[in-house]
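What follows is data_29.cif (mmCIF, C-alpha atoms).
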data_target
loop_
_atom_site.label_atom_id
_atom_site.label_comp_id
_atom_site.auth_asym_id
_atom_site.auth_seq_id
_atom_site.Cartn_x
_atom_site.Cartn_y
_atom_site.Cartn_z
CA MET A 1 -0.33 -80.45 -107.92
CA ASN A 2 -2.80 -80.97 -105.06
CA ILE A 3 -6.45 -81.17 -106.22
CA GLU A 4 -9.16 -81.11 -103.56
CA VAL A 5 -12.96 -80.94 -103.54
CA ARG A 6 -14.84 -79.22 -100.73
CA PRO A 7 -18.23 -77.58 -100.10
CA VAL A 8 -18.74 -74.18 -101.72
CA VAL A 9 -18.22 -71.13 -99.50
CA GLU A 10 -19.45 -67.62 -100.23
CA SER A 11 -16.02 -66.33 -101.21
CA ASP A 12 -15.82 -68.91 -104.04
CA LEU A 13 -18.71 -67.34 -105.94
CA GLU A 14 -16.75 -64.39 -107.29
CA THR A 15 -14.22 -66.76 -108.89
CA PHE A 16 -17.05 -68.89 -110.31
CA TYR A 17 -18.57 -65.73 -111.79
CA GLU A 18 -15.27 -64.78 -113.43
CA HIS A 19 -14.88 -68.28 -114.88
CA GLN A 20 -18.29 -68.17 -116.56
CA THR A 21 -17.50 -64.83 -118.23
CA ASP A 22 -14.51 -66.27 -120.12
CA PRO A 23 -15.43 -66.09 -123.84
CA ASP A 24 -13.55 -69.29 -124.73
CA ALA A 25 -15.32 -71.22 -121.96
CA THR A 26 -18.77 -69.93 -122.86
CA ALA A 27 -18.16 -70.77 -126.53
CA MET A 28 -17.07 -74.30 -125.63
CA ALA A 29 -20.04 -74.86 -123.32
CA VAL A 30 -22.44 -73.06 -125.69
CA PHE A 31 -23.76 -71.33 -122.61
CA GLY A 32 -23.87 -67.55 -122.40
CA ALA A 33 -22.42 -65.74 -119.41
CA ARG A 34 -24.90 -64.39 -116.90
CA GLU A 35 -24.83 -60.82 -115.62
CA ARG A 36 -23.25 -60.67 -112.16
CA ASP A 37 -26.51 -60.01 -110.25
CA VAL A 38 -28.32 -62.80 -112.10
CA PHE A 39 -25.42 -65.19 -111.53
CA MET A 40 -25.24 -64.46 -107.79
CA GLU A 41 -29.03 -64.66 -107.38
CA HIS A 42 -29.04 -68.07 -109.10
CA TRP A 43 -26.41 -69.39 -106.68
CA HIS A 44 -28.09 -67.85 -103.61
CA THR A 45 -31.67 -68.84 -104.42
CA ARG A 46 -31.47 -72.05 -106.48
CA ILE A 47 -28.18 -73.83 -105.82
CA LEU A 48 -26.85 -73.25 -102.31
CA PRO A 49 -30.08 -73.32 -100.27
CA ASN A 50 -31.43 -76.51 -101.89
CA PRO A 51 -30.52 -79.51 -99.66
CA GLU A 52 -30.95 -81.88 -102.64
CA ASN A 53 -28.08 -80.20 -104.51
CA TYR A 54 -24.42 -81.03 -104.25
CA ALA A 55 -22.35 -77.86 -104.73
CA ARG A 56 -18.61 -78.36 -104.50
CA THR A 57 -15.53 -76.27 -105.12
CA VAL A 58 -12.47 -77.75 -106.81
CA THR A 59 -9.17 -76.30 -105.64
CA VAL A 60 -5.66 -76.71 -107.01
CA ASP A 61 -2.91 -76.05 -104.49
CA GLY A 62 -5.47 -74.08 -102.46
CA GLN A 63 -6.62 -71.89 -105.38
CA VAL A 64 -10.27 -72.05 -106.51
CA ALA A 65 -10.23 -73.82 -109.87
CA GLY A 66 -13.96 -74.32 -110.46
CA ASN A 67 -17.16 -75.94 -109.31
CA LEU A 68 -18.99 -79.24 -109.47
CA LEU A 69 -22.73 -79.54 -109.18
CA SER A 70 -25.33 -82.26 -108.94
CA TRP A 71 -29.06 -81.65 -108.86
CA PRO A 72 -32.31 -83.57 -109.24
CA MET A 73 -34.40 -82.83 -112.32
CA GLU A 74 -37.32 -84.71 -113.86
CA GLY A 75 -36.76 -87.75 -111.65
CA GLN A 76 -33.05 -88.09 -112.43
CA ARG A 77 -29.82 -86.80 -110.84
CA TYR A 78 -27.64 -84.67 -113.10
CA VAL A 79 -24.00 -83.63 -112.77
CA GLY A 80 -22.14 -80.70 -114.23
CA TYR A 81 -19.04 -78.64 -113.70
CA TRP A 82 -17.26 -75.46 -114.72
CA ILE A 83 -13.49 -75.21 -114.48
CA GLY A 84 -11.50 -72.02 -115.05
CA ARG A 85 -9.63 -72.02 -118.35
CA GLU A 86 -6.25 -71.64 -116.65
CA PHE A 87 -6.80 -75.15 -115.22
CA TRP A 88 -7.84 -76.90 -118.46
CA GLY A 89 -5.81 -79.85 -119.66
CA ARG A 90 -4.34 -80.64 -116.25
CA GLY A 91 -6.77 -83.34 -115.07
CA VAL A 92 -8.54 -81.00 -112.66
CA ALA A 93 -12.06 -81.58 -114.03
CA THR A 94 -11.59 -85.34 -114.12
CA ALA A 95 -10.23 -85.48 -110.57
CA GLY A 96 -13.10 -83.31 -109.38
CA MET A 97 -15.77 -85.34 -111.16
CA ARG A 98 -14.34 -88.59 -109.83
CA ALA A 99 -14.53 -87.18 -106.30
CA LEU A 100 -18.13 -86.06 -106.82
CA VAL A 101 -19.13 -89.45 -108.24
CA LYS A 102 -17.68 -91.15 -105.15
CA GLU A 103 -19.59 -88.81 -102.86
CA ILE A 104 -23.00 -89.29 -104.47
CA GLU A 105 -24.54 -92.68 -103.76
CA GLU A 106 -27.62 -92.21 -105.97
CA ARG A 107 -27.55 -93.84 -109.40
CA PRO A 108 -27.89 -93.35 -112.23
CA LEU A 109 -26.09 -90.05 -112.70
CA ILE A 110 -26.69 -88.11 -115.91
CA GLY A 111 -24.36 -85.66 -117.65
CA LEU A 112 -25.22 -83.54 -120.70
CA VAL A 113 -22.42 -82.34 -122.97
CA VAL A 114 -22.53 -80.25 -126.13
CA ALA A 115 -21.52 -82.51 -129.03
CA THR A 116 -18.61 -80.23 -129.94
CA ASN A 117 -17.13 -80.18 -126.41
CA ILE A 118 -14.66 -83.06 -126.71
CA GLY A 119 -12.87 -82.19 -123.45
CA SER A 120 -16.01 -82.52 -121.33
CA GLN A 121 -16.92 -85.76 -123.07
CA ARG A 122 -13.52 -87.17 -122.05
CA VAL A 123 -13.98 -85.98 -118.45
CA LEU A 124 -17.24 -87.92 -118.15
CA GLU A 125 -15.83 -91.00 -119.90
CA LYS A 126 -12.74 -91.04 -117.64
CA SER A 127 -15.13 -90.75 -114.68
CA GLY A 128 -17.01 -93.92 -115.66
CA PHE A 129 -19.91 -92.46 -117.66
CA THR A 130 -21.12 -94.01 -120.91
CA ARG A 131 -22.60 -92.09 -123.82
CA ILE A 132 -26.17 -93.33 -124.23
CA GLU A 133 -27.82 -90.83 -126.55
CA ARG A 134 -27.25 -88.06 -129.07
CA ARG A 135 -29.99 -85.45 -129.23
CA PRO A 136 -30.75 -81.91 -130.30
CA SER A 137 -31.88 -79.60 -127.53
CA PRO A 138 -35.47 -78.60 -128.25
CA GLU A 139 -34.91 -75.04 -126.99
CA ASP A 140 -31.86 -73.99 -128.96
CA GLY A 141 -31.07 -76.70 -131.49
CA VAL A 142 -27.63 -77.35 -129.96
CA GLU A 143 -26.78 -81.02 -130.30
CA GLU A 144 -25.92 -82.75 -127.03
CA PHE A 145 -24.69 -86.11 -125.86
CA VAL A 146 -26.33 -87.73 -122.86
CA TYR A 147 -23.96 -89.64 -120.58
CA ARG A 148 -25.00 -92.02 -117.82
CA LEU A 149 -23.25 -93.64 -114.88
CA ASP A 150 -25.20 -96.59 -113.52
CA GLY A 151 -23.12 -98.19 -110.81
CA GLY A 152 -19.92 -98.08 -108.91
CA SER A 153 -17.58 -95.13 -108.95
CA ALA A 154 -15.09 -93.55 -111.28
CA THR A 155 -12.71 -95.69 -113.27
CA SER A 156 -8.97 -95.31 -112.91
CA SER A 157 -8.07 -94.92 -116.59
#

Would you write out, as structure tokens, the structure that this file holds?
Amino acid sequence: MNIEVRPVVESDLETFYEHQTDPDATAMAVFGARERDVFMEHWHTRILPNPENYARTVTVDGQVAGNLLSWPMEGQRYVGYWIGREFWGRGVATAGMRALVKEIEERPLIGLVVATNIGSQRVLEKSGFTRIERRPSPEDGVEEFVYRLDGGSATSS
């Protein structure tokens, strides 16, 4: 299995849209799917044109498997990702996050994970992040863990 990370291209967006409509994925992330027009507008107006964002595509054997993002917010740099369900449990998210962590020099990096999403917690931990806080989200009451990566790059465990 060949996992690669590259910049997002326009043709990736349709696959990203399909991934975020998967009911199992949205339940795990506790994040509702966006309508297609809203989804595409978000990518075209907020993610891709912002030079402070990192937007990367993860591929497996040349097939689009998901995306990795990093963005500045409230004086900190956040990371996140969305991987298609057909690629879960194969190390794709971890390989992608490790590549993103190596690419971004700025520290610390912050990741937010729903407390019930054990898989995403493991991805961040395997990528060198440490859980630093448990908190309810003030908007929706969904409990989250805050992860932080201070120095260096991803671990090899």

Select, counting all atoms listed in the file, all protein, DNA and RNA residues no farther than 12 Å from (-12.8, -84.0, -122.8) in file coordinates, and express the selection as an NGL selection string.
-> :A and (28-29 or 88-94 or 113-127)

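Comparing the minimum interatomic distances between Glu86 in chain A and each of A:Val146, A:Ala65, A:Ile132, A:Val9, counting only C-alpha atoms, we find that A:Ala65 sits nearest.
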
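Note that the spacing between CA of Glu143 in chain A and CA of Leu112 in chain A amounts to 10.0 Å.
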
Which value, in Å to one decimal, gives the distance between CA of Ala25 in chain A and CA of Gly141 in chain A?
-> 19.2 Å

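Using all atoms listed in the file, the contacts of Asp37 in chain A at a cut-off of 12 Å, with sequence neighbours closer than 4 positions omitted, comprise Leu13, Glu14, Tyr17, Ala33, Glu41, His42, Trp43, His44 and Thr45 of chain A.
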